[in-house]
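Novice: Got a file for you: query_20.csv, CSV, C-alpha atoms and all ligand atoms.
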chain,number,residue,atom,x,y,z
A,1,MET,CA,0.0,0.0,0.0
A,2,ARG,CA,1.0,3.5,-0.6
A,3,ASP,CA,1.3,5.4,2.6
A,4,TYR,CA,0.8,9.0,2.0
A,5,ALA,CA,-1.7,11.4,3.4
A,6,PRO,CA,-4.1,13.2,1.1
A,7,VAL,CA,-2.2,16.0,-0.4
A,8,PRO,CA,-3.1,19.6,-1.1
A,9,LEU,CA,-2.5,19.7,-4.8
A,10,PRO,CA,-1.0,22.8,-6.3
A,11,ARG,CA,-3.5,24.8,-8.2
A,12,ILE,CA,-3.3,24.2,-11.9
A,13,LYS,CA,-3.9,27.2,-14.1
A,14,GLY,CA,-4.8,26.6,-17.6
A,15,PRO,CA,-5.7,23.5,-19.6
A,16,ALA,CA,-2.4,21.8,-18.8
A,17,ARG,CA,-3.4,18.3,-20.1
A,18,THR,CA,-5.3,19.4,-23.2
A,19,GLY,CA,-2.3,20.0,-25.4
A,20,THR,CA,-2.4,23.8,-25.4
A,21,HIS,CA,-0.4,24.2,-22.2
A,22,VAL,CA,0.6,27.4,-20.5
A,23,PRO,CA,4.1,28.6,-19.4
A,24,LEU,CA,5.3,26.6,-16.5
A,25,ILE,CA,5.5,29.7,-14.2
A,26,ASP,CA,1.8,30.5,-14.9
A,27,ARG,CA,0.8,27.0,-14.2
A,28,TYR,CA,2.4,27.0,-10.7
A,29,LEU,CA,2.5,30.8,-10.1
A,30,GLU,CA,1.4,30.5,-6.5
A,31,ARG,CA,4.3,28.2,-5.7
A,32,LEU,CA,7.0,30.2,-7.5
A,33,PRO,CA,8.8,33.4,-6.7
A,34,PHE,CA,6.9,35.4,-9.4
A,35,GLU,CA,3.9,37.7,-9.5
A,36,ALA,CA,0.9,37.6,-11.8
A,37,GLY,CA,1.7,40.0,-14.7
A,38,ASP,CA,5.5,39.5,-14.5
A,39,LYS,CA,7.0,39.3,-18.0
A,40,LEU,CA,8.0,35.7,-18.5
A,41,VAL,CA,10.7,34.1,-20.7
A,42,SER,CA,9.0,30.9,-21.7
A,43,LEU,CA,9.1,28.3,-24.4
A,44,GLN,CA,6.1,26.5,-22.9
A,45,GLU,CA,8.1,24.1,-20.9
A,46,GLY,CA,6.9,21.5,-18.4
A,47,SER,CA,3.7,19.4,-18.6
A,48,THR,CA,5.8,16.5,-19.7
A,49,PRO,CA,4.4,12.9,-20.1
A,50,LEU,CA,4.5,10.2,-17.5
A,51,LEU,CA,4.8,7.1,-19.6
A,52,GLN,CA,4.1,3.6,-18.3
A,53,ALA,CA,7.0,1.1,-18.9
A,54,PRO,CA,5.5,-2.4,-19.1
A,55,VAL,CA,8.7,-4.2,-19.8
A,56,ILE,CA,10.6,-2.6,-16.9
A,57,SER,CA,7.6,-3.0,-14.6
A,58,ALA,CA,7.5,-6.8,-15.3
A,59,MET,CA,11.3,-7.0,-14.7
A,60,VAL,CA,11.1,-5.3,-11.2
A,61,GLY,CA,7.6,-6.4,-10.1
A,62,ALA,CA,6.3,-2.9,-9.6
A,63,SER,CA,4.3,-0.3,-11.6
A,64,VAL,CA,7.1,1.7,-13.2
A,65,ARG,CA,6.5,5.0,-15.0
A,66,LEU,CA,9.0,7.2,-16.8
A,67,LYS,CA,8.9,11.0,-16.4
A,68,LEU,CA,9.9,12.1,-19.9
A,69,GLU,CA,11.8,15.3,-19.4
A,70,GLY,CA,13.1,15.1,-22.9
A,71,GLY,CA,9.7,16.5,-23.8
A,72,ASN,CA,10.8,19.9,-22.8
A,73,PRO,CA,11.5,22.5,-25.5
A,74,THR,CA,15.2,22.0,-25.6
A,75,GLY,CA,15.0,18.3,-24.8
A,76,SER,CA,15.9,18.2,-21.2
A,77,PHE,CA,14.6,19.0,-17.7
A,78,LYS,CA,16.9,22.1,-17.5
A,79,ASP,CA,14.1,24.2,-19.2
A,80,ARG,CA,12.0,24.1,-16.0
A,81,GLY,CA,14.7,25.9,-14.1
A,82,MET,CA,15.8,28.0,-17.0
A,83,THR,CA,12.4,29.7,-17.6
A,84,CYS,CA,12.6,30.9,-13.9
A,85,ALA,CA,16.3,31.9,-14.0
A,86,LEU,CA,15.9,33.9,-17.2
A,87,SER,CA,12.6,35.4,-16.2
A,88,ALA,CA,14.1,36.6,-13.0
A,89,ALA,CA,17.3,37.8,-14.7
A,90,VAL,CA,15.3,39.9,-17.2
A,91,ARG,CA,13.1,41.2,-14.5
A,92,ASP,CA,16.1,42.3,-12.5
A,93,GLY,CA,17.6,44.0,-15.5
A,94,ALA,CA,20.3,41.6,-16.5
A,95,ARG,CA,22.0,41.9,-19.9
A,96,ALA,CA,23.9,38.6,-19.9
A,97,VAL,CA,23.9,35.2,-18.4
A,98,ILE,CA,26.6,32.5,-18.1
A,99,CYS,CA,26.9,28.9,-17.1
A,100,ALA,CA,29.4,26.1,-16.9
A,101,SER,CA,27.9,23.0,-18.4
A,102,THR,CA,28.2,19.4,-19.4
A,103,GLY,CA,25.9,20.4,-22.3
A,104,ASN,CA,22.2,20.5,-21.4
A,105,THR,CA,22.3,23.6,-19.2
A,106,ALA,CA,24.2,25.3,-22.0
A,107,ALA,CA,21.6,24.4,-24.6
A,108,SER,CA,18.8,25.5,-22.4
A,109,ALA,CA,20.5,28.8,-21.3
A,110,ALA,CA,21.3,29.6,-24.9
A,111,ALA,CA,17.7,29.0,-26.0
A,112,TYR,CA,16.1,31.0,-23.2
A,113,ALA,CA,18.6,33.8,-23.6
A,114,ALA,CA,17.8,34.0,-27.3
A,115,ARG,CA,14.1,34.2,-26.4
A,116,ALA,CA,14.8,36.9,-23.9
A,117,GLY,CA,17.1,38.8,-26.3
A,118,ILE,CA,20.1,38.9,-24.0
A,119,THR,CA,23.6,37.6,-24.3
A,120,CYS,CA,24.6,34.1,-23.2
A,121,ALA,CA,28.1,32.6,-22.7
A,122,VAL,CA,28.8,29.0,-21.8
A,123,ILE,CA,31.9,27.3,-20.6
A,124,VAL,CA,32.1,23.6,-21.5
A,125,PRO,CA,34.7,20.9,-21.0
A,126,GLU,CA,36.5,20.6,-24.3
A,127,GLY,CA,35.5,17.5,-26.3
A,128,LYS,CA,33.2,16.2,-23.5
A,129,ILE,CA,29.8,17.5,-24.5
A,130,ALA,CA,27.5,15.6,-26.8
A,131,GLN,CA,27.1,16.8,-30.4
A,132,GLY,CA,23.4,17.6,-30.1
A,133,LYS,CA,23.9,19.9,-27.2
A,134,MET,CA,26.8,21.7,-28.9
A,135,ALA,CA,24.6,22.1,-32.0
A,136,GLN,CA,21.8,23.6,-29.9
A,137,THR,CA,24.1,26.0,-28.0
A,138,LEU,CA,25.7,27.3,-31.2
A,139,VAL,CA,22.5,27.6,-33.2
A,140,HIS,CA,21.0,29.9,-30.5
A,141,GLY,CA,24.0,32.2,-30.8
A,142,ALA,CA,25.7,31.7,-27.4
A,143,ARG,CA,29.4,32.3,-27.0
A,144,VAL,CA,31.0,28.9,-26.4
A,145,ILE,CA,34.2,28.7,-24.4
A,146,SER,CA,35.7,25.3,-24.8
A,147,LEU,CA,37.8,24.8,-21.6
A,148,ALA,CA,40.9,22.7,-21.4
A,149,GLY,CA,39.5,21.3,-18.2
A,150,ASN,CA,36.5,19.6,-16.7
A,151,PHE,CA,33.0,20.7,-15.6
A,152,ASP,CA,34.1,21.3,-12.0
A,153,GLN,CA,36.9,23.6,-13.1
A,154,ALA,CA,34.5,25.4,-15.4
A,155,LEU,CA,32.1,26.0,-12.6
A,156,THR,CA,34.8,27.4,-10.3
A,157,LEU,CA,35.8,29.8,-13.1
A,158,VAL,CA,32.2,31.1,-13.8
A,159,ARG,CA,31.6,31.6,-10.1
A,160,GLU,CA,34.8,33.7,-9.9
A,161,LEU,CA,33.8,35.6,-13.0
A,162,THR,CA,30.3,36.4,-11.9
A,163,ASP,CA,31.6,37.6,-8.5
A,164,THR,CA,33.3,40.5,-10.3
A,165,HIS,CA,31.1,41.1,-13.4
A,166,PRO,CA,27.4,41.9,-13.8
A,167,ILE,CA,26.6,38.6,-15.5
A,168,VAL,CA,24.0,36.3,-14.0
A,169,LEU,CA,25.0,32.8,-13.2
A,170,VAL,CA,22.4,30.3,-14.3
A,171,ASN,CA,23.9,27.1,-12.9
A,172,SER,CA,21.9,25.3,-10.2
A,173,VAL,CA,23.6,27.4,-7.5
A,174,ASN,CA,20.9,29.9,-8.8
A,175,GLU,CA,17.9,29.4,-6.5
A,176,TYR,CA,15.5,30.1,-9.4
A,177,ARG,CA,16.7,27.0,-11.1
A,178,ILE,CA,15.8,24.8,-8.1
A,179,GLU,CA,12.4,26.5,-7.8
A,180,GLY,CA,11.6,25.8,-11.4
A,181,GLN,CA,12.7,22.3,-11.4
A,182,LYS,CA,10.7,21.4,-8.3
A,183,THR,CA,7.5,21.6,-10.5
A,184,ALA,CA,8.3,18.2,-12.0
A,185,ALA,CA,7.4,16.7,-8.6
A,186,PHE,CA,4.1,18.6,-8.7
A,187,GLU,CA,3.3,17.1,-12.1
A,188,VAL,CA,4.1,13.6,-10.9
A,189,VAL,CA,1.8,14.0,-7.8
A,190,GLU,CA,-1.0,15.4,-10.0
A,191,ALA,CA,-0.7,12.6,-12.5
A,192,LEU,CA,-0.7,9.8,-9.9
A,193,ASP,CA,-3.1,11.5,-7.5
A,194,GLY,CA,-0.3,11.3,-4.9
A,195,ALA,CA,3.4,10.5,-4.8
A,196,PRO,CA,4.8,7.2,-5.9
A,197,ASP,CA,6.6,5.1,-3.3
A,198,LEU,CA,10.0,5.4,-5.0
A,199,VAL,CA,11.6,8.0,-7.3
A,200,CYS,CA,14.7,7.2,-9.2
A,201,ILE,CA,16.8,10.0,-10.6
A,202,PRO,CA,20.2,10.5,-12.1
A,203,VAL,CA,22.6,12.7,-10.1
A,204,GLY,CA,25.3,15.0,-11.4
A,205,ASN,CA,25.5,18.4,-9.9
A,206,ALA,CA,22.7,17.3,-7.7
A,207,GLY,CA,20.3,20.2,-8.5
A,208,ASN,CA,17.5,18.0,-9.8
A,209,ILE,CA,17.2,15.6,-6.8
A,210,THR,CA,17.3,18.6,-4.6
A,211,SER,CA,14.4,20.2,-6.6
A,212,TYR,CA,12.3,17.1,-6.7
A,213,TRP,CA,12.6,16.6,-2.9
A,214,ARG,CA,11.6,20.2,-2.3
A,215,GLY,CA,8.7,19.9,-4.6
A,216,PHE,CA,7.4,16.7,-3.1
A,217,LYS,CA,7.7,18.1,0.4
A,218,GLU,CA,5.9,21.3,-0.6
A,219,VAL,CA,2.8,19.3,-1.5
A,220,GLY,CA,3.0,17.1,1.7
A,221,THR,CA,4.4,14.0,0.1
A,222,ALA,CA,7.6,12.0,0.9
A,223,PRO,CA,8.5,9.3,-1.6
A,224,ARG,CA,11.8,7.6,-1.2
A,225,MET,CA,14.4,9.3,-3.3
A,226,LEU,CA,17.0,7.1,-5.0
A,227,GLY,CA,19.8,9.1,-6.7
A,228,PHE,CA,22.2,7.4,-9.1
A,229,GLN,CA,25.7,8.5,-10.0
A,230,ALA,CA,28.0,6.9,-12.6
A,231,ALA,CA,30.7,4.8,-11.2
A,232,GLY,CA,33.6,7.0,-12.4
A,233,ALA,CA,31.9,10.1,-11.2
A,234,ALA,CA,30.3,9.2,-7.9
A,235,PRO,CA,31.6,11.7,-5.3
A,236,LEU,CA,28.4,11.5,-3.2
A,237,VAL,CA,28.7,7.7,-2.9
A,238,GLU,CA,32.5,7.8,-2.2
A,239,GLY,CA,32.1,10.6,0.2
A,240,HIS,CA,34.8,12.9,-1.4
A,241,PRO,CA,35.2,15.0,-4.5
A,242,ILE,CA,36.5,13.1,-7.6
A,243,GLU,CA,39.3,15.0,-9.3
A,244,HIS,CA,39.1,13.3,-12.6
A,245,PRO,CA,35.5,12.1,-13.2
A,246,GLU,CA,34.9,9.8,-16.1
A,247,THR,CA,31.8,8.2,-17.5
A,248,VAL,CA,30.1,7.5,-20.9
A,249,ALA,CA,27.2,9.6,-19.5
A,250,SER,CA,28.9,12.9,-20.3
A,251,ALA,CA,26.0,14.9,-18.8
A,252,ILE,CA,26.9,13.6,-15.3
A,253,ARG,CA,30.7,13.7,-15.6
A,254,ILE,CA,30.9,15.8,-12.5
A,255,GLY,CA,33.2,15.3,-9.5
A,256,ASN,CA,32.2,18.0,-7.0
A,257,PRO,CA,28.4,18.7,-7.0
A,258,VAL,CA,27.3,22.1,-6.0
A,259,ARG,CA,24.2,20.7,-4.2
A,260,TRP,CA,26.1,18.1,-2.3
A,261,GLU,CA,24.5,18.7,1.1
A,262,ASP,CA,21.0,19.2,-0.3
A,263,ALA,CA,21.3,15.9,-2.2
A,264,MET,CA,22.4,14.0,0.9
A,265,ASN,CA,19.5,15.6,2.8
A,266,ALA,CA,17.0,14.5,0.2
A,267,ALA,CA,18.3,11.0,0.4
A,268,THR,CA,18.4,10.8,4.2
A,269,GLU,CA,15.1,12.6,4.9
A,270,SER,CA,13.2,10.5,2.4
A,271,ARG,CA,14.7,7.2,3.6
A,272,GLY,CA,16.4,6.8,0.3
A,273,SER,CA,20.0,6.8,-0.8
A,274,ILE,CA,22.6,7.8,-3.4
A,275,ARG,CA,24.0,4.8,-5.2
A,276,VAL,CA,26.3,3.9,-8.1
A,277,VAL,CA,25.7,2.4,-11.5
A,278,THR,CA,28.5,1.4,-13.9
A,279,ASP,CA,28.8,2.6,-17.5
A,280,ALA,CA,28.1,-1.0,-18.6
A,281,GLU,CA,24.8,-0.9,-16.6
A,282,ILE,CA,23.9,2.5,-18.0
A,283,LEU,CA,24.4,1.3,-21.6
A,284,GLU,CA,22.4,-1.9,-20.9
A,285,ALA,CA,19.5,0.2,-19.6
A,286,TYR,CA,19.9,2.5,-22.5
A,287,ARG,CA,19.5,-0.4,-25.0
A,288,LEU,CA,16.6,-1.9,-23.0
A,289,LEU,CA,14.7,1.4,-23.1
A,290,ALA,CA,15.3,1.8,-26.8
A,291,TYR,CA,14.8,-1.8,-27.9
A,292,ARG,CA,12.0,-2.8,-25.7
A,293,GLU,CA,10.1,0.3,-24.4
A,294,GLY,CA,10.6,2.4,-27.6
A,295,MET,CA,12.2,5.2,-25.7
A,296,PHE,CA,15.4,6.9,-26.8
A,297,CYS,CA,17.1,8.8,-24.0
A,298,GLU,CA,20.5,10.1,-23.5
A,299,PRO,CA,22.9,7.9,-21.3
A,300,ALA,CA,22.9,10.1,-18.2
A,301,SER,CA,19.1,10.0,-18.0
A,302,VAL,CA,18.9,6.2,-18.0
A,303,ALA,CA,21.1,6.1,-14.8
A,304,SER,CA,17.7,6.1,-13.1
A,305,VAL,CA,16.5,3.0,-14.8
A,306,ALA,CA,19.9,1.3,-14.6
A,307,GLY,CA,19.7,1.9,-10.8
A,308,LEU,CA,16.2,0.5,-10.5
A,309,LEU,CA,17.2,-2.6,-12.4
A,310,LYS,CA,20.3,-3.1,-10.4
A,311,TYR,CA,19.0,-2.5,-6.9
A,312,GLY,CA,15.3,-3.5,-7.4
A,313,ALA,CA,12.1,-1.9,-6.4
A,314,ASP,CA,12.6,-2.9,-2.8
A,315,GLY,CA,8.9,-3.5,-2.0
A,316,ALA,CA,7.7,-0.3,-3.8
A,317,GLU,CA,4.4,-0.6,-5.7
A,318,GLN,CA,4.6,2.6,-7.6
A,319,VAL,CA,7.9,3.8,-9.1
A,320,VAL,CA,8.8,6.8,-11.1
A,321,CYS,CA,12.1,6.9,-13.0
A,322,VAL,CA,13.1,10.4,-14.2
A,323,LEU,CA,14.4,10.4,-17.8
A,324,THR,CA,16.2,13.7,-17.8
A,325,GLY,CA,17.1,14.2,-21.5
A,326,ARG,CA,16.3,12.8,-24.9
A,327,GLY,CA,18.5,10.5,-26.9
A,328,LEU,CA,19.0,12.8,-29.9
A,329,LYS,CA,21.1,14.9,-27.7
A,330,ASP,CA,23.9,12.4,-28.0
A,331,PRO,CA,24.0,10.8,-31.5
A,332,GLU,CA,27.6,9.7,-31.0
A,333,THR,CA,26.7,7.3,-28.3
A,334,ALA,CA,23.7,5.9,-30.2
A,335,ILE,CA,25.7,5.2,-33.3
A,336,ALA,CA,28.7,3.8,-31.4
A,337,ASN,CA,26.4,1.3,-29.8
A,338,ASN,CA,24.6,0.1,-32.9
A,339,ASP,CA,25.7,-3.6,-32.3
A,340,GLY,CA,26.9,-3.9,-35.9
A,341,ARG,CA,23.5,-3.5,-37.5
A,342,ILE,CA,24.5,-1.3,-40.4
A,343,ILE,CA,24.7,-3.4,-43.6
A,344,THR,CA,26.2,-1.8,-46.6
A,345,ALA,CA,24.9,-2.9,-50.0
A,346,PRO,CA,25.4,-2.3,-53.7
A,347,VAL,CA,22.5,-1.2,-55.9
A,348,GLU,CA,21.5,-4.8,-56.9
A,349,ILE,CA,18.4,-6.8,-56.0
A,350,ALA,CA,20.2,-10.0,-55.0
A,351,ALA,CA,22.3,-8.2,-52.5
A,352,ILE,CA,19.3,-6.3,-51.1
A,353,GLU,CA,17.4,-9.6,-50.7
A,354,GLU,CA,20.3,-11.0,-48.8
A,355,ALA,CA,20.7,-7.9,-46.7
A,356,VAL,CA,17.0,-7.7,-45.8
A,357,LEU,CA,16.1,-11.4,-45.5
A,358,GLY,CA,19.4,-13.1,-44.8
A,359,ASP,CA,20.7,-14.1,-41.4
A,360,PRO,CA,21.8,-11.1,-39.4
B,401,LIG,C1,20.5,14.6,-19.0
B,401,LIG,O1,24.1,20.5,-18.3
B,401,LIG,O2,25.0,19.5,-15.1
B,401,LIG,O3,22.1,16.4,-10.7
B,401,LIG,O4,25.7,21.2,-17.0
B,401,LIG,O5,22.1,16.8,-18.4
B,401,LIG,O6,20.8,18.3,-11.4
B,401,LIG,O7,23.1,18.1,-12.2
B,401,LIG,C2,23.6,18.4,-16.6
B,401,LIG,C3,23.1,17.4,-15.7
B,401,LIG,C4,21.1,14.4,-15.4
B,401,LIG,C5,22.2,15.7,-13.6
B,401,LIG,N1,20.7,14.1,-16.6
B,401,LIG,O8,21.4,16.6,-13.0
B,401,LIG,C6,24.8,20.5,-17.2
B,401,LIG,C7,24.5,19.4,-16.2
B,401,LIG,C8,21.0,14.9,-17.6
B,401,LIG,C9,21.8,16.1,-17.4
B,401,LIG,C10,21.8,15.5,-15.1
B,401,LIG,C11,22.3,16.3,-16.1
B,401,LIG,P1,21.9,17.4,-11.8
Output the structure of this file as structure tokens.
Ligand code: AN7

Specialist:
Amino acid sequence: MRDYAPVPLPRIKGPARTGTHVPLIDRYLERLPFEAGDKLVSLQEGSTPLLQAPVISAMVGASVRLKLEGGNPTGSFKDRGMTCALSAAVRDGARAVICASTGNTAASAAAYAARAGITCAVIVPEGKIAQGKMAQTLVHGARVISLAGNFDQALTLVRELTDTHPIVLVNSVNEYRIEGQKTAAFEVVEALDGAPDLVCIPVGNAGNITSYWRGFKEVGTAPRMLGFQAAGAAPLVEGHPIEHPETVASAIRIGNPVRWEDAMNAATESRGSIRVVTDAEILEAYRLLAYREGMFCEPASVASVAGLLKYGADGAEQVVCVLTGRGLKDPETAIANNDGRIITAPVEIAAIEEAVLGDP
């Protein structure tokens, strides 16, 4: 049985589930640090699907749903926080924003800055952000600084820079980011008419697990929060910063999360934990989701599913796995893991017959 008290649901403004949804901030205005009539920077983010996962459900013996955050305008959960960060920045007269990023924050910041008509700069670890994210960031006109260093070093540098220059930092140290991202928890509670028993979520800089926990608590719910880090980049599990983080899941290649304490609190208070999944387990879950559930997600997002498969539902009946970003973000990983299924053929019917109908 699910043991939660009846919850005071956040007021929904607008026909959120009819297809013509409203800006995220309007939908949850009463729970966000904005006033009616504030000029908003929005791309109609949020209101993402909660999809049933029959194959994974059968595997773990629980009802498993996937919160598809790739359904956001730039293809990741970052848009929830970015609409708030950019709306506040513009309201407060900012002319420029900056972030350090493993890719998705950069893509989202670039899009929302373009929408707002202000300047955006991003600092990314050289050669370590997926192609789709780089394409997005460039197409929106952001200035891209490719750092000969990792994400943690990039973040230290942008913090230093924004201490002495009037540029707004839009990493998840920015409270507006957390406020915006907590709305995903509201949507889950609305969709299920209460919280699930267990929420599985990938953890990098730890802003998202912090946000979900805040959101669940605000509506009087307390699902167990399980956060998953990649084995080569698991500071919260190992209990110390990782100087040279490495993982195939480039989005969570982070060694010293900004929201360290908040993430540990979310795990402890909710009777959950932060655990580790290997790159091999991430790629296995990546394939399973794509082959069997029809869902193409980027590797970092599937850390949630990899973790659930590895550690089990542990008695939970209702489970939500957060899939943080869509697969198209990272075409390199998709193509590199094609299992040799590309067959080249000449323009000749016999060869085509063999290629299509022959043994694989
Ligand atoms: C797909 O874009 O840190 O634990 O700079 O892109 O809130 O950091 C991305 C993180 C999970 C981890 N899934 O979330 C960035 C960045 C995806 C991500 C995470 C990220 P946090």

Novice: At a cut-off of 7 Å and counting all atoms listed in the file, what residues surround ligand LIG 401 (chain B)? Please answer as a ChimeraX atom specification.

Specialist: /A:76,100-106,202-209,251-252,298,300-301,324-325

Novice: Which is closer to Val319 in chain A than all the others in A:Ser42, A:Gln229, A:Ser304, A:Thr333, using only C-alpha atoms?

Specialist: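 For Val319 in chain A, the nearest of the given residues is A:Ser304.
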
Novice: When distances are computed from all atoms listed in the file, which of A:Ile118, A:Glu293, A:His240, A:Ile98 shows the smallest separation from His165 in chain A?

Specialist: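 Answer, going by the shortest atom-to-atom distance: A:Ile98.
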
Novice: I need the residue nearest Ile254 in chain A from this list: A:Pro331, A:Gly194, A:Pro125, A:Pro346. Use all atoms listed in the file for the distance.

Specialist: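 Closest to Ile254 in chain A, using all atoms listed in the file: A:Pro125.
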
Novice: Report as a list in words all protein, DNA and RNA residues lying within 8 Å of Leu236 in chain A, evaluated on all atoms listed in the file, omitting residues in the same chain fewer than 5 positions from it.

Specialist: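 My list of contacting residues is Gln229, Pro241, Trp260, Met264 and Ile274 of chain A.
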
Novice: Of the residues A:Pro257, A:Pro49, A:Gly93, A:Gly340, which is the one nearest to Phe151 in chain A, using only C-alpha atoms?

Specialist: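 Of A:Pro257, A:Pro49, A:Gly93, A:Gly340, the one nearest Phe151 in chain A is A:Pro257, counting only C-alpha atoms.
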
Novice: Quick one: pull the distance between CA of Thr162 in chain A and CA of Arg80 in chain A, Å, one decimal.

Specialist: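 Separating CA of Thr162 in chain A from CA of Arg80 in chain A is a distance of 22.4 Å.
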
Novice: Restricting the calculation to all atoms listed in the file: of A:Ala62, A:Leu32, A:Ile335, A:Cys200, which residue gets closest to Gly215 in chain A?

Specialist: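 The closest residue to Gly215 in chain A is A:Leu32.
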
Novice: Identify, on the basis of only C-alpha atoms, every residue whose closest approach to Gln153 in chain A does not exceed 10 Å; exclude the query and any residue fewer than 2 positions from it along the same chain; express the result as a list in words.

Specialist: Ala100, Ile123, Val124, Pro125, Leu147, Ala148, Gly149, Asn150, Phe151, Leu155, Thr156, Leu157, Val158, Glu243, Ile254, Gly255 and Asn256 of chain A

Novice: What does the structure give for the distance between CA of Glu269 in chain A and CA of Phe228 in chain A, in Å to one decimal?

Specialist: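 Separating CA of Glu269 in chain A from CA of Phe228 in chain A is a distance of 16.5 Å.
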
Novice: Between CA of Leu161 in chain A and CA of Ala130 in chain A, what distance in Å does the model show, to one decimal?

Specialist: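 It comes out at 25.1 Å.
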
Novice: Asn338 in chain A: which residues within 12 Å, counting all atoms listed in the file, same-chain residues fewer than 6 positions away excluded, as a ChimeraX atom specification?

Specialist: /A:283,286-287,290-291,331-332

Novice: Using the partial input, fill out range 201-220 of chain A with N, CA and C atoms; write the result as a compact mmCIF listing (two decimals), keeping the file's coordinate frame.

Specialist:
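Here's the written file rebuild.txt:
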# COMPACT_ATOMS: atom_id res chain seq x y z
N ILE A 201 16.38 8.78 -9.86
CA ILE A 201 16.80 10.00 -10.60
C ILE A 201 18.33 10.00 -10.74
N PRO A 202 18.79 10.41 -11.93
CA PRO A 202 20.20 10.50 -12.10
C PRO A 202 20.79 11.72 -11.35
N VAL A 203 22.02 11.62 -10.88
CA VAL A 203 22.60 12.70 -10.10
C VAL A 203 23.95 13.14 -10.67
N GLY A 204 24.07 14.43 -10.97
CA GLY A 204 25.30 15.00 -11.40
C GLY A 204 25.76 16.10 -10.46
N ASN A 205 25.29 17.30 -10.78
CA ASN A 205 25.50 18.40 -9.90
C ASN A 205 24.57 18.46 -8.74
N ALA A 206 23.60 17.56 -8.77
CA ALA A 206 22.70 17.30 -7.70
C ALA A 206 21.57 18.36 -7.51
N GLY A 207 21.38 19.21 -8.51
CA GLY A 207 20.30 20.20 -8.50
C GLY A 207 18.94 19.55 -8.59
N ASN A 208 18.85 18.54 -9.44
CA ASN A 208 17.50 18.00 -9.80
C ASN A 208 16.95 17.18 -8.60
N ILE A 209 17.77 16.37 -7.95
CA ILE A 209 17.20 15.60 -6.80
C ILE A 209 16.85 16.54 -5.68
N THR A 210 17.60 17.60 -5.53
CA THR A 210 17.30 18.60 -4.60
C THR A 210 15.91 19.26 -4.87
N SER A 211 15.69 19.52 -6.15
CA SER A 211 14.40 20.20 -6.60
C SER A 211 13.24 19.25 -6.40
N TYR A 212 13.38 18.01 -6.83
CA TYR A 212 12.30 17.10 -6.70
C TYR A 212 11.87 16.93 -5.22
N TRP A 213 12.86 16.78 -4.37
CA TRP A 213 12.60 16.60 -2.90
C TRP A 213 11.84 17.81 -2.39
N ARG A 214 12.32 18.98 -2.78
CA ARG A 214 11.60 20.20 -2.30
C ARG A 214 10.19 20.22 -2.82
N GLY A 215 10.00 19.88 -4.07
CA GLY A 215 8.70 19.90 -4.60
C GLY A 215 7.73 18.88 -3.95
N PHE A 216 8.22 17.68 -3.74
CA PHE A 216 7.40 16.70 -3.10
C PHE A 216 7.01 17.13 -1.66
N LYS A 217 8.00 17.65 -0.95
CA LYS A 217 7.70 18.10 0.40
C LYS A 217 6.69 19.23 0.44
N GLU A 218 6.80 20.13 -0.53
CA GLU A 218 5.90 21.30 -0.60
C GLU A 218 4.42 20.85 -0.71
N VAL A 219 4.17 19.71 -1.34
CA VAL A 219 2.80 19.30 -1.50
C VAL A 219 2.48 18.12 -0.49
N GLY A 220 3.28 18.06 0.58
CA GLY A 220 3.00 17.10 1.70
C GLY A 220 3.22 15.68 1.37
